[in-house]
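*Asks:* Attaching a single structure in structure tokens format; questions to follow.
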Amino acid sequence: MTTKKTAAEKTTAEKPAKKAATKKAAPAGTAAAEPATARKTAAKKAAAKKTAPAKKAAPTKTSATKTSTAKKATPTKKATAKKSPAPKPPGFAKRESRAAMVERAHAINEVLAETYPYAHPELDFEDPFQLLVATVLSAQTTDLRVNQTTPALFAKYPTPEDMAAAVPEELEELIRPTGFFRAKARSLLGLSAALRDDFDGEVPATVDALVKLPGVGRKTAFVVLGNAFGVPGITVDTHFGRLARRWKWTTSEDPVKVESDVAAIFEPSEWTMLSHRVIFHGRRICHSRRPACGACPMAPLCPSYGEGETDPEKAKKLLKYEKGGMPGQRLNAPRDFPGSPAPPLGG
């Protein structure tokens, strides 16, 4: 006879059965088979592993970006460094007072005098008229070419009266090698006639009178006054003006202003020889396009050092005339000239 079980007994009997069923359904080693605490711990570890790589990746990308930016910036710095000016030689002050500039200018003149003790006018002449004519012809050409041209010219027209009576075409042909021969022939005919008619065939010895002659400006006047009459004057030609600006004696491009600025620095007794020395230096060393800075005795005093070739050996190859072992510009050079005389035309 079967005895009926109570509800409480049924419930107690079913619980172990359900647990057994659950254990059978869940495979061994899975999260479902582990206790709740183990599952939570595993979940935290998994979350930590996923989060850790993300945190490490962020700084790596930032560092790479900074490195990339730094590499890109480097060429810009190098390019800027290449454009920096050449270093100035020791002893030169970048900023100087008026008094310091004047002192430096006098020091330059002393070095020039030591470098060119034989400085002289580089036009051949025997009297004031020949010097006046030669100076007019020297515009837009070299003194050498003028010196090669004037022997035949003065042989045919030795005086202002002779030149004033010249046939224009014949005069032009004689001075053709100097360039701009038609305009120069008109100037020579005009000044010769003026000397004949207004000055008794003599060259005047004042600036005011000279600049009234056709083709004669202040530069020509001071060349004649300083070298034919011993009257002090500053000759501002293209070489003198260029060097006066490079040495910071002036900032002007106007020859009259350059003359005034330089005259305020030096005594009149120095003007004529200073002109010769500066022009000598401009023709031989401190050239317009490629100054020979590395072979220049003025380098320690020059604010423009570095504009030209600073390598001593390369600079030596840029020297001209007697400084470069070549003939000078005069066919009849002074006795103390250290170089050889220039050859005649066609020689």
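Identifiers for the structure tokens are assigned positionally: chains receive A, B, ... in sequence, residues are indexed from 1 per chain, and ligands are indexed from 1 in the order shown.
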Can you tell me which residues surround Ala292 in chain A at a distance of at most 12 Å, considering only C-alpha atoms, apart from same-chain residues fewer than 4 positions away, and format the answer as JSON, numbers by chain?

*Replies:* {"A": [281, 282, 283, 284, 285, 286, 287, 288, 296, 297, 298, 299, 304, 305, 306, 307, 308, 309, 310, 311, 312, 313, 314, 315, 316, 317, 318, 319, 320, 323, 324]}

*Asks:* Mind checking which residues fall within 12 Å of Glu170 in chain A, counting only C-alpha atoms, ignoring those fewer than 4 positions away in the same chain, and posting them as a list in words?

*Replies:*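 Answer for this query is Ala152, Leu153, Lys156, Tyr157, Met163, Ala165, Ala166, Leu174, Ile175, Arg176, Phe181, Arg182, Ala185 and Leu189 of chain A.
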
*Asks:* From the options A:Pro338, A:Gly325, A:Pro300, A:Gly215, which residue's atoms come nearest to Val111 in chain A, counting only C-alpha atoms?

*Replies:*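 Among the listed residues, the smallest separation from Val111 in chain A belongs to A:Pro300.
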
*Asks:* Could you jot down the CA of Val231 in chain A to CA of Met273 in chain A separation for me, Å, one decimal place?

*Replies:*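 Result for CA of Val231 in chain A versus CA of Met273 in chain A: 11.3 Å, one decimal.
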
*Asks:* What's the separation between CA of Ala139 in chain A and CA of Thr220 in chain A, in Å to one decimal place?

*Replies:* 9.6 Å

*Asks:* Hey, what's within 8 Å of Gly233 in chain A if we count only C-alpha atoms and toss same-chain stuff fewer than 3 positions away? As a VMD selection string, please?

*Replies:* chain A and resid 222 to 223 225 to 226 268 271 to 272

*Asks:* Using only N, CA, C and O atoms, please write the residues we just selected to a file, as a compact mmCIF listing (two decimals), in the first residue's frame.

*Replies:*
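So again.txt came out as:
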# COMPACT_ATOMS: atom_id res chain seq x y z
N PHE A 222 87.88 118.04 -59.41
CA PHE A 222 88.77 117.74 -58.28
C PHE A 222 89.96 116.89 -58.70
O PHE A 222 91.03 116.97 -58.07
N VAL A 223 89.78 116.06 -59.72
CA VAL A 223 90.94 115.32 -60.24
C VAL A 223 91.98 116.30 -60.77
O VAL A 223 93.18 116.19 -60.48
N LEU A 225 92.22 119.65 -60.12
CA LEU A 225 92.71 120.54 -59.08
C LEU A 225 93.72 119.85 -58.17
O LEU A 225 94.78 120.41 -57.85
N GLY A 226 93.41 118.63 -57.76
CA GLY A 226 94.27 117.95 -56.82
C GLY A 226 95.59 117.49 -57.41
O GLY A 226 96.62 117.50 -56.73
N PRO A 268 91.41 118.60 -44.88
CA PRO A 268 91.62 118.87 -46.31
C PRO A 268 92.98 118.39 -46.83
O PRO A 268 93.08 117.98 -48.00
N TRP A 271 92.63 114.92 -48.36
CA TRP A 271 91.59 114.64 -49.34
C TRP A 271 92.12 114.03 -50.65
O TRP A 271 91.58 113.03 -51.12
N THR A 272 93.13 114.63 -51.23
CA THR A 272 93.61 114.17 -52.54
C THR A 272 94.21 112.77 -52.45
O THR A 272 93.86 111.89 -53.24

*Asks:* So how many Å separate CA of Thr150 in chain A and CA of Leu131 in chain A, to one decimal?

*Replies:* 10.1 Å

*Asks:* List every residue of range 116-322 of chain A that DSSP, applied to the backbone, labels as alpha helix (DSSP H), and write the result as JSON, numbers by chain.

*Replies:* {"A": [128, 129, 130, 131, 132, 133, 134, 135, 136, 137, 143, 144, 145, 146, 147, 148, 149, 150, 151, 152, 153, 154, 155, 156, 160, 161, 162, 163, 164, 168, 169, 170, 171, 172, 173, 174, 175, 181, 182, 183, 184, 185, 186, 187, 188, 189, 190, 191, 192, 193, 194, 195, 196, 197, 198, 207, 208, 209, 210, 218, 219, 220, 221, 222, 223, 224, 225, 226, 227, 228, 238, 239, 240, 241, 242, 243, 244, 245, 246, 255, 256, 257, 258, 259, 260, 261, 262, 263, 268, 269, 270, 271, 272, 273, 274, 275, 276, 277, 278, 279, 280, 281, 282, 283, 284, 312, 313, 314, 315, 316]}

*Asks:* Near Ala99 in chain A, within 12 Å and counting only C-alpha atoms, which residues show up once chain neighbours fewer than 5 positions away are dropped, as number ranges by chain?

*Replies:* A: 104-106, 249, 264-265

*Asks:* Quick one: residues within 12 Å of Ser275 in chain A, only C-alpha atoms counted, chain neighbours fewer than 4 positions away excluded, as a PyMOL selection string?

*Replies:* chain A and resi 109+112-113+116+119-122+219+222-223+226-227+232-241+243-244+259+262-263+266+268-271+279-282
